[in-house]
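model-v4.json (JSON, C-alpha atoms)
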```
[["chain", "number", "residue", "atom", "x", "y", "z"],
["A", 484, "MET", "CA", 113.95, -67.48, 196.81],
["A", 485, "HIS", "CA", 114.16, -63.71, 197.01],
["A", 486, "SER", "CA", 110.84, -61.92, 196.82],
["A", 487, "ARG", "CA", 110.15, -60.48, 193.41],
["A", 488, "ARG", "CA", 108.21, -57.30, 193.22],
["A", 489, "ARG", "CA", 105.97, -57.38, 190.25],
["A", 490, "VAL", "CA", 105.17, -54.09, 188.66],
["A", 491, "GLU", "CA", 103.08, -53.56, 185.61],
["A", 492, "TRP", "CA", 104.83, -52.16, 182.60],
["A", 493, "GLN", "CA", 103.90, -51.04, 179.17],
["A", 494, "ILE", "CA", 106.58, -51.39, 176.60],
["A", 495, "LEU", "CA", 106.39, -49.41, 173.43],
["A", 496, "LEU", "CA", 108.12, -50.37, 170.23],
["A", 497, "LEU", "CA", 108.52, -48.44, 167.08],
["A", 498, "SER", "CA", 109.57, -50.96, 164.55],
["A", 499, "LYS", "CA", 110.49, -49.99, 161.06],
["A", 500, "CYS", "CA", 108.09, -50.94, 158.33],
["A", 501, "MET", "CA", 109.64, -51.56, 154.99],
["A", 502, "PHE", "CA", 106.58, -51.53, 152.82],
["A", 503, "PRO", "CA", 103.64, -49.35, 153.76],
["A", 504, "SER", "CA", 100.83, -51.85, 153.77],
["A", 505, "LEU", "CA", 97.90, -49.49, 153.59],
["A", 506, "VAL", "CA", 95.73, -51.92, 151.68],
["A", 507, "LEU", "CA", 96.62, -55.08, 153.55],
["A", 508, "GLU", "CA", 95.53, -55.14, 157.17],
["A", 509, "ALA", "CA", 97.72, -58.09, 158.05],
["A", 510, "LEU", "CA", 101.16, -57.59, 159.52],
["A", 511, "GLN", "CA", 104.21, -57.87, 157.37],
["A", 512, "PRO", "CA", 106.18, -61.05, 158.14],
["A", 513, "GLU", "CA", 109.19, -59.00, 159.25],
["A", 514, "THR", "CA", 107.19, -57.01, 161.76],
["A", 515, "ALA", "CA", 105.62, -60.19, 163.05],
["A", 516, "ALA", "CA", 109.09, -61.69, 163.48],
["A", 517, "VAL", "CA", 110.24, -58.65, 165.49],
["A", 518, "LEU", "CA", 107.28, -58.90, 167.81],
["A", 519, "LYS", "CA", 107.73, -62.61, 168.23],
["A", 520, "ARG", "CA", 111.39, -62.15, 169.13],
["A", 521, "THR", "CA", 110.59, -59.44, 171.65],
["A", 522, "VAL", "CA", 107.82, -61.35, 173.37],
["A", 523, "GLU", "CA", 109.93, -64.49, 173.55],
["A", 524, "ALA", "CA", 112.82, -62.57, 175.06],
["A", 525, "LEU", "CA", 110.47, -61.05, 177.61],
["A", 526, "MET", "CA", 109.01, -64.40, 178.59],
["A", 527, "GLU", "CA", 112.49, -65.87, 178.93],
["A", 528, "LYS", "CA", 113.39, -63.19, 181.46],
["A", 529, "GLY", "CA", 110.32, -64.04, 183.45],
["A", 530, "ALA", "CA", 107.76, -61.50, 182.36],
["A", 531, "VAL", "CA", 104.09, -62.29, 182.02],
["A", 532, "VAL", "CA", 102.82, -60.81, 178.79],
["A", 533, "ARG", "CA", 99.21, -59.81, 179.11],
["A", 534, "ASN", "CA", 98.40, -58.07, 175.91],
["A", 535, "LEU", "CA", 99.97, -56.99, 172.67],
["A", 536, "GLU", "CA", 98.39, -54.06, 170.88],
["A", 537, "ASN", "CA", 99.06, -52.62, 167.47],
["A", 538, "LEU", "CA", 98.65, -48.87, 167.61],
["A", 539, "GLY", "CA", 98.88, -48.61, 163.86],
["A", 540, "GLU", "CA", 101.50, -47.73, 161.33],
["A", 541, "ARG", "CA", 101.98, -44.09, 160.55],
["A", 542, "ALA", "CA", 104.45, -41.44, 159.55],
["A", 543, "LEU", "CA", 106.67, -40.54, 162.47],
["A", 544, "PRO", "CA", 106.25, -37.00, 163.86],
["A", 545, "TYR", "CA", 109.93, -36.35, 163.13],
["A", 546, "LYS", "CA", 112.61, -38.28, 161.29],
["A", 547, "ILE", "CA", 114.50, -40.64, 163.56],
["A", 548, "SER", "CA", 118.03, -41.75, 162.80],
["A", 549, "LYS", "CA", 118.84, -45.15, 164.19],
["A", 550, "HIS", "CA", 121.07, -48.03, 163.17],
["A", 551, "LYS", "CA", 122.63, -45.98, 160.36],
["A", 552, "GLN", "CA", 119.25, -45.26, 158.77],
["A", 553, "ARG", "CA", 116.85, -42.37, 158.65],
["A", 554, "HIS", "CA", 113.32, -43.53, 159.38],
["A", 555, "ARG", "CA", 110.14, -41.73, 158.36],
["A", 556, "ARG", "CA", 107.49, -44.35, 158.91],
["A", 557, "GLY", "CA", 107.03, -46.78, 161.74],
["A", 558, "GLY", "CA", 104.67, -49.23, 163.34],
["A", 559, "TYR", "CA", 103.70, -48.59, 166.96],
["A", 560, "PHE", "CA", 103.22, -51.57, 169.27],
["A", 561, "LEU", "CA", 102.25, -51.74, 172.90],
["A", 562, "VAL", "CA", 103.08, -54.72, 175.08],
["A", 563, "ASP", "CA", 101.27, -54.96, 178.40],
["A", 564, "LEU", "CA", 103.23, -57.01, 180.83],
["A", 565, "GLU", "CA", 103.92, -57.79, 184.45],
["A", 566, "ALA", "CA", 107.54, -58.14, 185.35],
["A", 567, "PRO", "CA", 110.06, -57.48, 188.10],
["A", 568, "PRO", "CA", 111.83, -54.11, 187.73],
["A", 569, "SER", "CA", 115.21, -55.80, 187.24],
["A", 570, "ILE", "CA", 114.14, -56.77, 183.76],
["A", 571, "VAL", "CA", 114.05, -53.20, 182.49],
["A", 572, "SER", "CA", 117.75, -52.55, 181.99],
["A", 573, "THR", "CA", 118.43, -55.92, 180.39],
["A", 574, "MET", "CA", 115.49, -55.61, 178.04],
["A", 575, "MET", "CA", 116.39, -52.07, 177.02],
["A", 576, "ASP", "CA", 119.86, -53.35, 176.18],
["A", 577, "HIS", "CA", 118.46, -56.26, 174.25],
["A", 578, "LEU", "CA", 116.04, -54.12, 172.27],
["A", 579, "GLY", "CA", 118.74, -51.58, 171.59],
["A", 580, "ARG", "CA", 120.68, -54.17, 169.69],
["A", 581, "ASP", "CA", 117.73, -55.15, 167.52],
["A", 582, "ILE", "CA", 118.01, -53.41, 164.16],
["A", 583, "ASP", "CA", 114.32, -53.47, 163.49],
["A", 584, "VAL", "CA", 113.40, -51.59, 166.65],
["A", 585, "ILE", "CA", 113.66, -47.84, 166.23],
["A", 586, "ARG", "CA", 112.64, -46.65, 169.67],
["A", 587, "ARG", "CA", 111.87, -48.60, 172.79],
["A", 588, "ALA", "CA", 110.46, -47.55, 176.13],
["A", 589, "PHE", "CA", 109.22, -49.06, 179.38],
["A", 590, "ILE", "CA", 106.40, -47.17, 180.99],
["A", 591, "LYS", "CA", 104.76, -47.94, 184.29],
["A", 592, "HIS", "CA", 101.10, -48.77, 184.04],
["A", 593, "PRO", "CA", 99.13, -45.59, 184.75],
["A", 594, "VAL", "CA", 97.22, -45.90, 188.01],
["A", 595, "SER", "CA", 93.93, -44.09, 187.60],
["A", 596, "LYS", "CA", 93.47, -41.75, 190.56],
["A", 597, "THR", "CA", 91.38, -38.98, 189.03],
["A", 598, "GLU", "CA", 88.26, -39.54, 191.12],
["A", 599, "GLU", "CA", 88.85, -37.02, 193.86],
["A", 600, "CYS", "CA", 89.37, -33.87, 191.86],
["A", 601, "SER", "CA", 88.07, -31.17, 194.17],
["A", 602, "GLY", "CA", 88.40, -28.31, 191.74],
["A", 603, "ILE", "CA", 90.49, -25.16, 191.96],
["A", 604, "ILE", "CA", 90.66, -23.98, 195.57],
["A", 605, "PRO", "CA", 91.04, -20.17, 195.56],
["A", 606, "VAL", "CA", 94.37, -19.20, 197.09],
["A", 607, "ASN", "CA", 94.20, -16.73, 199.97],
["A", 608, "PHE", "CA", 96.93, -14.29, 198.98],
["A", 609, "GLU", "CA", 96.85, -12.34, 202.25],
["A", 610, "ASP", "CA", 97.63, -15.44, 204.25],
["A", 611, "LYS", "CA", 100.33, -16.43, 201.83],
["A", 612, "LEU", "CA", 101.95, -13.04, 202.12],
["A", 613, "THR", "CA", 101.97, -12.92, 205.90],
["A", 614, "ALA", "CA", 102.82, -16.58, 206.38],
["A", 615, "LYS", "CA", 105.81, -17.21, 208.58],
["A", 616, "LYS", "CA", 108.82, -18.80, 206.98],
["A", 617, "LYS", "CA", 109.93, -21.88, 208.88],
["B", 177, "MET", "CA", 96.83, 30.87, 209.24],
["B", 178, "ALA", "CA", 96.80, 30.33, 212.96],
["B", 179, "ALA", "CA", 94.25, 33.07, 213.71],
["B", 180, "ARG", "CA", 91.75, 31.68, 211.20],
["B", 181, "GLY", "CA", 92.25, 28.15, 212.56],
["B", 182, "LEU", "CA", 91.33, 29.32, 216.09],
["B", 183, "ALA", "CA", 88.21, 31.21, 214.97],
["B", 184, "VAL", "CA", 86.66, 28.21, 213.18],
["B", 185, "ALA", "CA", 84.94, 25.71, 215.45],
["B", 186, "VAL", "CA", 87.02, 22.58, 215.29],
["B", 187, "ALA", "CA", 84.90, 19.45, 214.87],
["B", 188, "ARG", "CA", 86.39, 16.31, 216.37],
["B", 189, "ARG", "CA", 88.21, 14.30, 213.74],
["B", 190, "SER", "CA", 87.52, 10.60, 213.40],
["B", 191, "TRP", "CA", 91.10, 9.68, 214.28],
["B", 192, "ALA", "CA", 91.18, 11.68, 217.48],
["B", 193, "PRO", "CA", 90.55, 9.61, 220.57],
["B", 194, "ALA", "CA", 87.07, 10.04, 222.01],
["B", 195, "PRO", "CA", 86.93, 11.75, 225.38],
["B", 196, "ARG", "CA", 85.81, 9.51, 228.23],
["B", 197, "GLY", "CA", 82.11, 9.03, 228.53],
["B", 198, "GLU", "CA", 81.56, 9.47, 224.80],
["B", 199, "GLY", "CA", 81.98, 7.11, 221.88],
["B", 200, "PRO", "CA", 80.92, 3.54, 221.33],
["B", 201, "ARG", "CA", 82.20, 0.76, 223.54],
["B", 202, "ARG", "CA", 83.17, -1.88, 221.06],
["B", 203, "LEU", "CA", 83.26, -5.64, 220.87],
["B", 204, "LEU", "CA", 82.38, -6.68, 224.41],
["B", 205, "GLN", "CA", 78.76, -5.69, 224.14],
["B", 206, "GLN", "CA", 78.14, -6.81, 220.59],
["B", 207, "GLN", "CA", 77.14, -10.40, 221.30],
["B", 208, "ALA", "CA", 73.66, -11.13, 219.94],
["B", 209, "LEU", "CA", 71.01, -11.59, 222.55],
["B", 210, "PRO", "CA", 69.28, -14.96, 222.33],
["B", 211, "GLY", "CA", 65.81, -14.91, 220.90],
["B", 212, "PRO", "CA", 63.66, -16.34, 218.10],
["B", 213, "ASP", "CA", 64.35, -13.41, 215.82],
["B", 214, "GLN", "CA", 68.14, -13.58, 215.84],
["B", 215, "PRO", "CA", 70.00, -15.11, 212.86],
["B", 216, "ILE", "CA", 70.84, -18.81, 213.10],
["B", 217, "GLU", "CA", 74.47, -19.60, 212.48],
["B", 218, "MET", "CA", 75.00, -21.91, 209.56],
["B", 219, "GLU", "CA", 77.29, -22.42, 206.59],
["B", 220, "ASN", "CA", 76.60, -20.28, 203.56],
["B", 221, "PRO", "CA", 73.78, -22.20, 201.79],
["B", 222, "TYR", "CA", 74.39, -20.35, 198.55],
["B", 223, "LYS", "CA", 78.02, -21.31, 198.41],
["B", 224, "GLU", "CA", 79.10, -22.23, 194.89],
["B", 225, "PRO", "CA", 80.99, -25.47, 194.34],
["B", 226, "PRO", "CA", 84.71, -24.87, 193.71],
["B", 227, "LYS", "CA", 85.50, -24.09, 190.09],
["B", 228, "LYS", "CA", 86.90, -26.95, 188.09],
["B", 229, "CYS", "CA", 89.52, -26.69, 185.41],
["B", 230, "VAL", "CA", 88.93, -28.03, 181.91],
["B", 231, "LEU", "CA", 90.60, -31.35, 182.58],
["B", 232, "CYS", "CA", 89.08, -32.09, 185.97],
["B", 233, "GLY", "CA", 88.20, -35.75, 185.98],
["B", 234, "ILE", "CA", 89.70, -36.47, 182.58],
["B", 235, "LYS", "CA", 92.53, -38.96, 182.43],
["B", 236, "VAL", "CA", 95.55, -37.62, 180.56],
["B", 237, "ASP", "CA", 97.25, -40.25, 178.39],
["B", 238, "TYR", "CA", 100.43, -39.93, 176.36],
["B", 239, "LYS", "CA", 98.74, -41.73, 173.48],
["B", 240, "ASN", "CA", 95.98, -39.14, 173.26],
["B", 241, "VAL", "CA", 97.92, -36.78, 171.04],
["B", 242, "GLN", "CA", 94.91, -34.71, 170.02],
["B", 243, "LEU", "CA", 94.16, -33.72, 173.60],
["B", 244, "LEU", "CA", 97.79, -32.90, 174.28],
["B", 245, "SER", "CA", 98.09, -30.86, 171.11],
["B", 246, "GLN", "CA", 95.38, -28.50, 172.30],
["B", 247, "PHE", "CA", 97.76, -27.14, 174.96],
["B", 248, "VAL", "CA", 100.60, -26.54, 172.55],
["B", 249, "SER", "CA", 101.33, -23.57, 170.31],
["B", 250, "PRO", "CA", 100.57, -24.21, 166.63],
["B", 251, "TYR", "CA", 103.52, -22.12, 165.46],
["B", 252, "THR", "CA", 106.37, -23.22, 167.71],
["B", 253, "GLY", "CA", 105.02, -26.30, 169.42],
["B", 254, "ARG", "CA", 105.73, -24.85, 172.87],
["B", 255, "ILE", "CA", 103.64, -25.90, 175.83],
["B", 256, "TYR", "CA", 101.40, -23.10, 177.11],
["B", 257, "GLY", "CA", 101.85, -21.88, 180.65],
["B", 258, "ARG", "CA", 99.30, -21.97, 183.44],
["B", 259, "HIS", "CA", 98.08, -18.44, 182.82],
["B", 260, "LEU", "CA", 97.04, -19.46, 179.31],
["B", 261, "THR", "CA", 95.67, -22.93, 179.82],
["B", 262, "GLY", "CA", 93.80, -22.14, 183.03],
["B", 263, "LEU", "CA", 94.46, -25.57, 184.49],
["B", 264, "CYS", "CA", 94.91, -26.40, 188.13],
["B", 265, "ASN", "CA", 98.35, -27.22, 189.55],
["B", 266, "LYS", "CA", 98.02, -30.97, 189.31],
["B", 267, "LYS", "CA", 96.67, -31.11, 185.78],
["B", 268, "GLN", "CA", 99.15, -28.59, 184.40],
["B", 269, "LYS", "CA", 102.01, -30.69, 185.71],
["B", 270, "GLU", "CA", 100.43, -33.85, 184.35],
["B", 271, "ILE", "CA", 99.91, -32.35, 180.91],
["B", 272, "SER", "CA", 103.43, -30.99, 180.83],
["B", 273, "LYS", "CA", 104.99, -34.30, 181.71],
["B", 274, "THR", "CA", 102.74, -36.23, 179.34],
["B", 275, "ILE", "CA", 103.52, -33.95, 176.41],
["B", 276, "LYS", "CA", 107.22, -34.37, 177.00],
["B", 277, "ARG", "CA", 106.77, -38.11, 177.17],
["B", 278, "ALA", "CA", 104.72, -38.25, 173.98],
["B", 279, "GLN", "CA", 107.34, -36.17, 172.19],
["B", 280, "VAL", "CA", 110.17, -38.46, 173.22],
["B", 281, "LEU", "CA", 108.32, -41.64, 172.40],
["B", 282, "GLY", "CA", 107.55, -40.46, 168.88],
["B", 283, "PHE", "CA", 103.83, -39.74, 169.17],
["B", 284, "MET", "CA", 103.84, -35.98, 169.02],
["B", 285, "PRO", "CA", 105.95, -33.55, 167.03],
["B", 286, "VAL", "CA", 108.15, -31.18, 168.98],
["B", 287, "MET", "CA", 108.67, -28.03, 166.97],
["B", 288, "PHE", "CA", 105.15, -27.58, 165.66],
["B", 289, "LYS", "CA", 101.61, -28.74, 166.17],
["B", 290, "ASN", "CA", 100.33, -31.68, 164.17],
["B", 291, "THR", "CA", 98.63, -30.26, 161.05],
["B", 292, "SER", "CA", 95.56, -32.44, 161.37],
["B", 293, "PHE", "CA", 94.87, -30.91, 164.81],
["B", 294, "LEU", "CA", 95.10, -27.27, 163.79],
["B", 295, "THR", "CA", 91.36, -26.81, 163.47],
["B", 296, "ASP", "CA", 90.60, -28.20, 166.94],
["B", 297, "PRO", "CA", 88.53, -26.07, 169.34],
["B", 298, "LYS", "CA", 90.62, -23.59, 171.30],
["B", 299, "ILE", "CA", 90.87, -24.19, 175.03],
["B", 300, "CYS", "CA", 93.67, -21.80, 175.92],
["B", 301, "ASN", "CA", 93.22, -18.01, 176.20],
["B", 302, "VAL", "CA", 95.65, -17.18, 173.44],
["B", 303, "LYS", "CA", 95.03, -14.37, 171.00],
["B", 304, "TYR", "CA", 96.55, -15.13, 167.66]]
```

How does this structure look as structure tokens?
Amino acid sequence: MHSRRRVEWQILLLSKCMFPSLVLEALQPETAAVLKRTVEALMEKGAVVRNLENLGERALPYKISKHKQRHRRGGYFLVDLEAPPSIVSTMMDHLGRDIDVIRRAFIKHPVSKTEECSGIIPVNFEDKLTAKKK
Amino acid sequence: MAARGLAVAVARRSWAPAPRGEGPRRLLQQQALPGPDQPIEMENPYKEPPKKCVLCGIKVDYKNVQLLSQFVSPYTGRIYGRHLTGLCNKKQKEISKTIKRAQVLGFMPVMFKNTSFLTDPKICNVKY
């Protein structure tokens, strides 16, 4: 069995929302179906889905034209998962064919390294000027 | 005139080399003599800690559109340069990349600044 390198990914979906459900907090059945499809597809390819977050439904910052439609509103979803990197291209393809997904993206999990910020070190311009070029 | 120049007593200029026997002998004899009164060598105790930029220690996230919008022009939506934001190298690059990412992923508008964030406190040194 070849060794699989597992990397953490965040996948972002903008799925189109037909009816703006501002009163109802529950998900529309269509949106739920989209998410279910996506997560199932991911699990089939061997991804471990950790978390599924709903970042809310809002007006898009700009109109997006996709699948012969102009979208102005969308629901943002975030899927936290662990998967081998080979999954990315296949999943992007798969999601591209889904009509209900407006925009999809795989983002590597941000590794928090901001503990050693040493501040702005003043640059010595004299040294920089007279530095020898290699 | 030459005649006048000769009449006036010429004082030795500072750039003229001192004749032998005169003038200070530099460097070799300047080492401090040991004793209880001499200054102790140590690092500057009054040294200030290095200045930190506004985002030092703050994690920059593409979902945090309000933070990102503070470094963007309200009229054109362009990202401000380093001389305006005052950020350090690392953070400026991070912010730049994150803004671009947020714009592509549909979190942040491109050509303008989100209207709800127009009244946010100003971080950048821009005079409108």

Surrounding residues of Cys229 (chain B) excluding itself and chain neighbours under 5 positions, 12 Å, only C-alpha atoms, as a list in words = Cys600, Ser601, Gly602, Ile603 and Ile604 of chain A; Ile234, Arg258, Thr261, Gly262, Leu263, Cys264, Asn265, Lys266, Lys267, Gln268, Ile299 and Cys300 of chain B

With a cut-off of 6 Å and counting all atoms listed in the file, select all residues of chain B in contact with chain A and give the selection as JSON, numbers by chain.
-> {"B": [226, 227, 228, 233, 264, 284, 285]}

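As for CA of Met575 (chain A) and CA of Lys551 (chain A), they are spaced 18.8 Å apart.
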
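Nearest to Phe283 (chain B) of all the residues A:Arg556, A:Arg533, A:His550, A:Lys615 is A:Arg556, counting only C-alpha atoms.
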
Excluding Leu243 (chain B) and residues on its chain fewer than 6 positions from it, collect all residues at most 10 Å away from it, counting all atoms listed in the file, and give them as number ranges by chain.
-> B: 231, 236-237, 271, 275, 293, 296

Atom pair CA of Val280 (chain B) + CA of Val531 (chain A), distance 26.1 Å

Residues at most 8 Å from Phe288 (chain B), counting only C-alpha atoms, excluding those fewer than 4 positions away in the same chain, as a list in words?
-> Ser249, Pro250, Tyr251, Thr252, Gly253 and Arg254 of chain B

Could you complete region 544-564 of chain A so that it carries N, CA and C atoms, and give it back as a short mmCIF file (atom, residue, chain, number, x, y, z; two decimals), keeping the file's coordinate frame?
```
data_model
loop_
_atom_site.label_atom_id
_atom_site.label_comp_id
_atom_site.auth_asym_id
_atom_site.auth_seq_id
_atom_site.Cartn_x
_atom_site.Cartn_y
_atom_site.Cartn_z
N PRO A 544 106.39 -38.47 163.75
CA PRO A 544 106.25 -37.00 163.86
C PRO A 544 107.53 -36.27 163.45
N TYR A 545 108.66 -36.94 163.56
CA TYR A 545 109.93 -36.35 163.13
C TYR A 545 110.80 -37.51 162.66
N LYS A 546 111.77 -37.21 161.80
CA LYS A 546 112.61 -38.28 161.29
C LYS A 546 113.55 -38.76 162.38
N ILE A 547 113.65 -40.06 162.51
CA ILE A 547 114.50 -40.64 163.56
C ILE A 547 115.65 -41.38 162.89
N SER A 548 116.85 -41.07 163.33
CA SER A 548 118.03 -41.75 162.80
C SER A 548 118.46 -42.83 163.76
N LYS A 549 118.46 -44.05 163.30
CA LYS A 549 118.84 -45.15 164.19
C LYS A 549 119.42 -46.25 163.34
N HIS A 550 120.44 -46.90 163.88
CA HIS A 550 121.07 -48.03 163.17
C HIS A 550 121.46 -47.64 161.74
N LYS A 551 122.10 -46.49 161.62
CA LYS A 551 122.63 -45.98 160.36
C LYS A 551 121.55 -45.80 159.30
N GLN A 552 120.33 -45.50 159.75
CA GLN A 552 119.25 -45.26 158.77
C GLN A 552 118.37 -44.14 159.25
N ARG A 553 117.76 -43.46 158.29
CA ARG A 553 116.85 -42.37 158.65
C ARG A 553 115.42 -42.87 158.42
N HIS A 554 114.65 -42.95 159.50
CA HIS A 554 113.32 -43.53 159.38
C HIS A 554 112.25 -42.46 159.31
N ARG A 555 111.25 -42.69 158.43
CA ARG A 555 110.14 -41.73 158.36
C ARG A 555 108.81 -42.37 158.69
N ARG A 556 108.73 -43.66 158.58
CA ARG A 556 107.49 -44.35 158.91
C ARG A 556 107.80 -45.41 159.95
N GLY A 557 106.80 -45.75 160.77
CA GLY A 557 107.03 -46.78 161.74
C GLY A 557 105.74 -47.38 162.22
N GLY A 558 105.83 -48.59 162.75
CA GLY A 558 104.67 -49.23 163.34
C GLY A 558 104.78 -49.15 164.85
N TYR A 559 103.70 -48.74 165.52
CA TYR A 559 103.70 -48.59 166.96
C TYR A 559 103.07 -49.81 167.61
N PHE A 560 103.76 -50.40 168.56
CA PHE A 560 103.22 -51.57 169.27
C PHE A 560 103.31 -51.37 170.76
N LEU A 561 102.31 -51.89 171.45
CA LEU A 561 102.25 -51.74 172.90
C LEU A 561 102.16 -53.11 173.53
N VAL A 562 103.10 -53.42 174.41
CA VAL A 562 103.08 -54.72 175.08
C VAL A 562 102.75 -54.49 176.55
N ASP A 563 101.66 -55.06 176.98
CA ASP A 563 101.27 -54.96 178.40
C ASP A 563 101.88 -56.13 179.12
N LEU A 564 102.66 -55.86 180.14
CA LEU A 564 103.23 -57.01 180.83
C LEU A 564 103.44 -56.76 182.31
#
```
